[in-house]
Amino acid sequence: MPKRFRVPPFEKLVKLYRVLALIIVLLVIVLASAKLIRNPVAKPDLEVYLHAASLILAGNSPYLTPIPAGVFYYVYPPLFAALFIPFTFLPIDAAVVAWCVLNVFMVGWAMKAFYELLAGKPFFEIPSKTRWIVGFIALLPTFRFIFNHLSFGQSNILVLALVVLGLVCAQRNRKFSGGVAIGISIAIKVISLPFAIWFAARRNLWITLGIAGGVLAGLLLPALLLGFGKNLEFLDYWVKNIVLYNDLRNTKFDLHVNLSLQAQLYRFFTDTVSFEYGGRPYYLTLVALPADMIHVISRLIVAAVAGTVVLYAVLYRNRGALISDWGGIALMFTLVPLFPTVMQKHYLVMLLPAYIYVVHLWYTMQLRDKAFRGLVVASMAVLTFIGAAFCGEFLSRVLAAVGCYALGVLLLAAAIFRAAACLPAPNSSRLPQKL
């Protein structure tokens, strides 16, 4: 009789998996860098950062002058432009590759560091099979957003890495320093603001004070280069003309690339074009509502997201570190894309730690609740299969316009709430440490 084929033990295949992973990482860097260098649609964002950094270096406002090749303006606080100054000394193609490599490194480090926090032990003390399975499955629904982020030269992975750095510091009893790192992430891009609400709701005084100090330090650091008066002038312009002036933001972020809950209001309740395909506009208007009413509802959405943060903090404040602390942190990473009035595909890289959390509960903690697993699978399926590679360009635009990206995020948030409600008390030897 012929011998039956047996799959080798996982440990014997680890070296092969490492080689494959390295090849994939190198391919991602090459393909994403090549797309960013060659694609005129992808390149302007990175050119904006470099142009703003050059203006800051010369002592000029980064906000008043668009990039030479177009009408794209810098819209972030001065800190990010100042941090980008070292890249201005490189040829632009070299800057593209360097930024891509740095972002890939930050993704890998953030995954490793966050999983260590969840597991409550050093990364290499976690069984290798567990590490690979949790990491691989968590990457499945987020990989295309990471690649989108890399191929457009975005800044959200830096924000993600700073938040994880803050969590690492806080877990090591350097709570104020951890808060400072999170605060600096907010000063770079305000999408990480829900973490400030979370730690305030949890009454974690030192982390909250650290966040406030980090925001202040991040806003004032460019003064070391610019001088206090000029830095204050740029901040004043940023607040008055970008933060508080919605028309400028809507000009930069067209509705067809805005996937936020607020964008759905405009698609469903105004006569705005929802998306275009083949040069033809498509509308999804259900009923036209007054602009003032839409404005109020938009503000209520932001309030509802903030309220969700407080609700989780109150409901599960005494459920142990895995639920009370790390479940809340995973929820914050989930809510970050929903908090701003603008959400683009690359914002969804922030979901990576949340998926690590739910996969950890499923695989490592053996949470078998059907509702939890159904919500996790539904979230992964929605965010994975609505891409053009699976359903075609036209249908993917339709699904994006009806709010499927926001739906996938909401399903993940619901899975985290469901886990908190049904997860039994785990063995103390498997608990992560409290923040």
# chains A, B, ... in the order shown; residues from 1 in each chain; ligands from 1
call {"tool": "residues_around", "arguments": {"residues": "range 334-337 of chain A", "least_positions_apart": "4", "cutoff": "7 Å", "atoms": "only C-alpha atoms", "output": "ChimeraX atom specification"}}
result
/A:191-192,194,305,330,343,347-348,350-351,354,409,413
call {"tool": "residues_around", "arguments": {"residues": "Trp326 in chain A", "least_positions_apart": "4", "cutoff": "9 Å", "atoms": "only C-alpha atoms", "output": "list in words"}}
result
Leu117, Leu118, Ala321, Leu322, Ala330, Leu331, Tyr357, Pro432, Lys434 and Leu435 of chain A
call {"tool": "residues_around", "arguments": {"residues": "Ser185 in chain A", "least_positions_apart": "4", "cutoff": "7 Å", "atoms": "only C-alpha atoms", "output": "tab-separated table (two decimals) with all heavy atoms, in the first residue's frame"}}
result
chain	number	residue	atom	x	y	z
A	159	VAL	N	1.39	56.88	13.62
A	159	VAL	CA	0.47	57.13	14.74
A	159	VAL	C	0.22	55.83	15.50
A	159	VAL	O	0.26	55.79	16.74
A	159	VAL	CB	-0.85	57.73	14.23
A	159	VAL	CG1	-1.87	57.85	15.36
A	159	VAL	CG2	-0.60	59.09	13.60
A	162	LEU	N	3.29	54.87	17.60
A	162	LEU	CA	3.44	55.72	18.78
A	162	LEU	C	2.47	55.33	19.88
A	162	LEU	O	2.81	55.34	21.06
A	162	LEU	CB	3.26	57.19	18.39
A	162	LEU	CG	4.45	57.85	17.70
A	162	LEU	CD1	4.06	59.21	17.15
A	162	LEU	CD2	5.63	57.99	18.66
A	163	VAL	N	1.23	55.01	19.50
A	163	VAL	CA	0.25	54.57	20.50
A	163	VAL	C	0.70	53.27	21.16
A	163	VAL	O	0.65	53.14	22.39
A	163	VAL	CB	-1.14	54.42	19.88
A	163	VAL	CG1	-2.12	53.80	20.88
A	163	VAL	CG2	-1.68	55.77	19.40
A	181	ALA	N	3.86	59.62	24.77
A	181	ALA	CA	3.95	59.04	23.42
A	181	ALA	C	2.60	59.08	22.73
A	181	ALA	O	2.50	59.40	21.53
A	181	ALA	CB	4.46	57.60	23.52
A	189	LYS	N	-1.45	63.55	14.34
A	189	LYS	CA	-2.72	63.36	13.63
A	189	LYS	C	-3.79	63.07	14.67
A	189	LYS	O	-3.68	62.09	15.42
A	189	LYS	CB	-2.60	62.21	12.62
A	189	LYS	CG	-3.65	62.22	11.53
A	189	LYS	CD	-3.28	61.24	10.43
A	189	LYS	CE	-4.28	61.33	9.26
A	189	LYS	NZ	-3.91	60.42	8.17
A	192	SER	N	-6.06	59.72	16.82
A	192	SER	CA	-5.86	58.89	18.01
A	192	SER	C	-6.44	59.52	19.27
A	192	SER	O	-6.20	59.03	20.38
A	192	SER	CB	-4.37	58.58	18.21
A	192	SER	OG	-3.59	59.75	18.19
call {"tool": "closest_residue", "arguments": {"among": "A:Leu259, A:Phe333, A:Leu26, A:Thr341", "to": "Ile297 in chain A", "atoms": "only C-alpha atoms"}}
result
A:Thr341
call {"tool": "select_by_dssp", "arguments": {"residues": "range 164-284 of chain A", "states": "helix (DSSP H, G or I)", "output": "number ranges by chain"}}
result
A: 164-171, 175-188, 190-192, 194-201, 205-220, 223-226, 228-243, 246-252, 255-257, 261-269
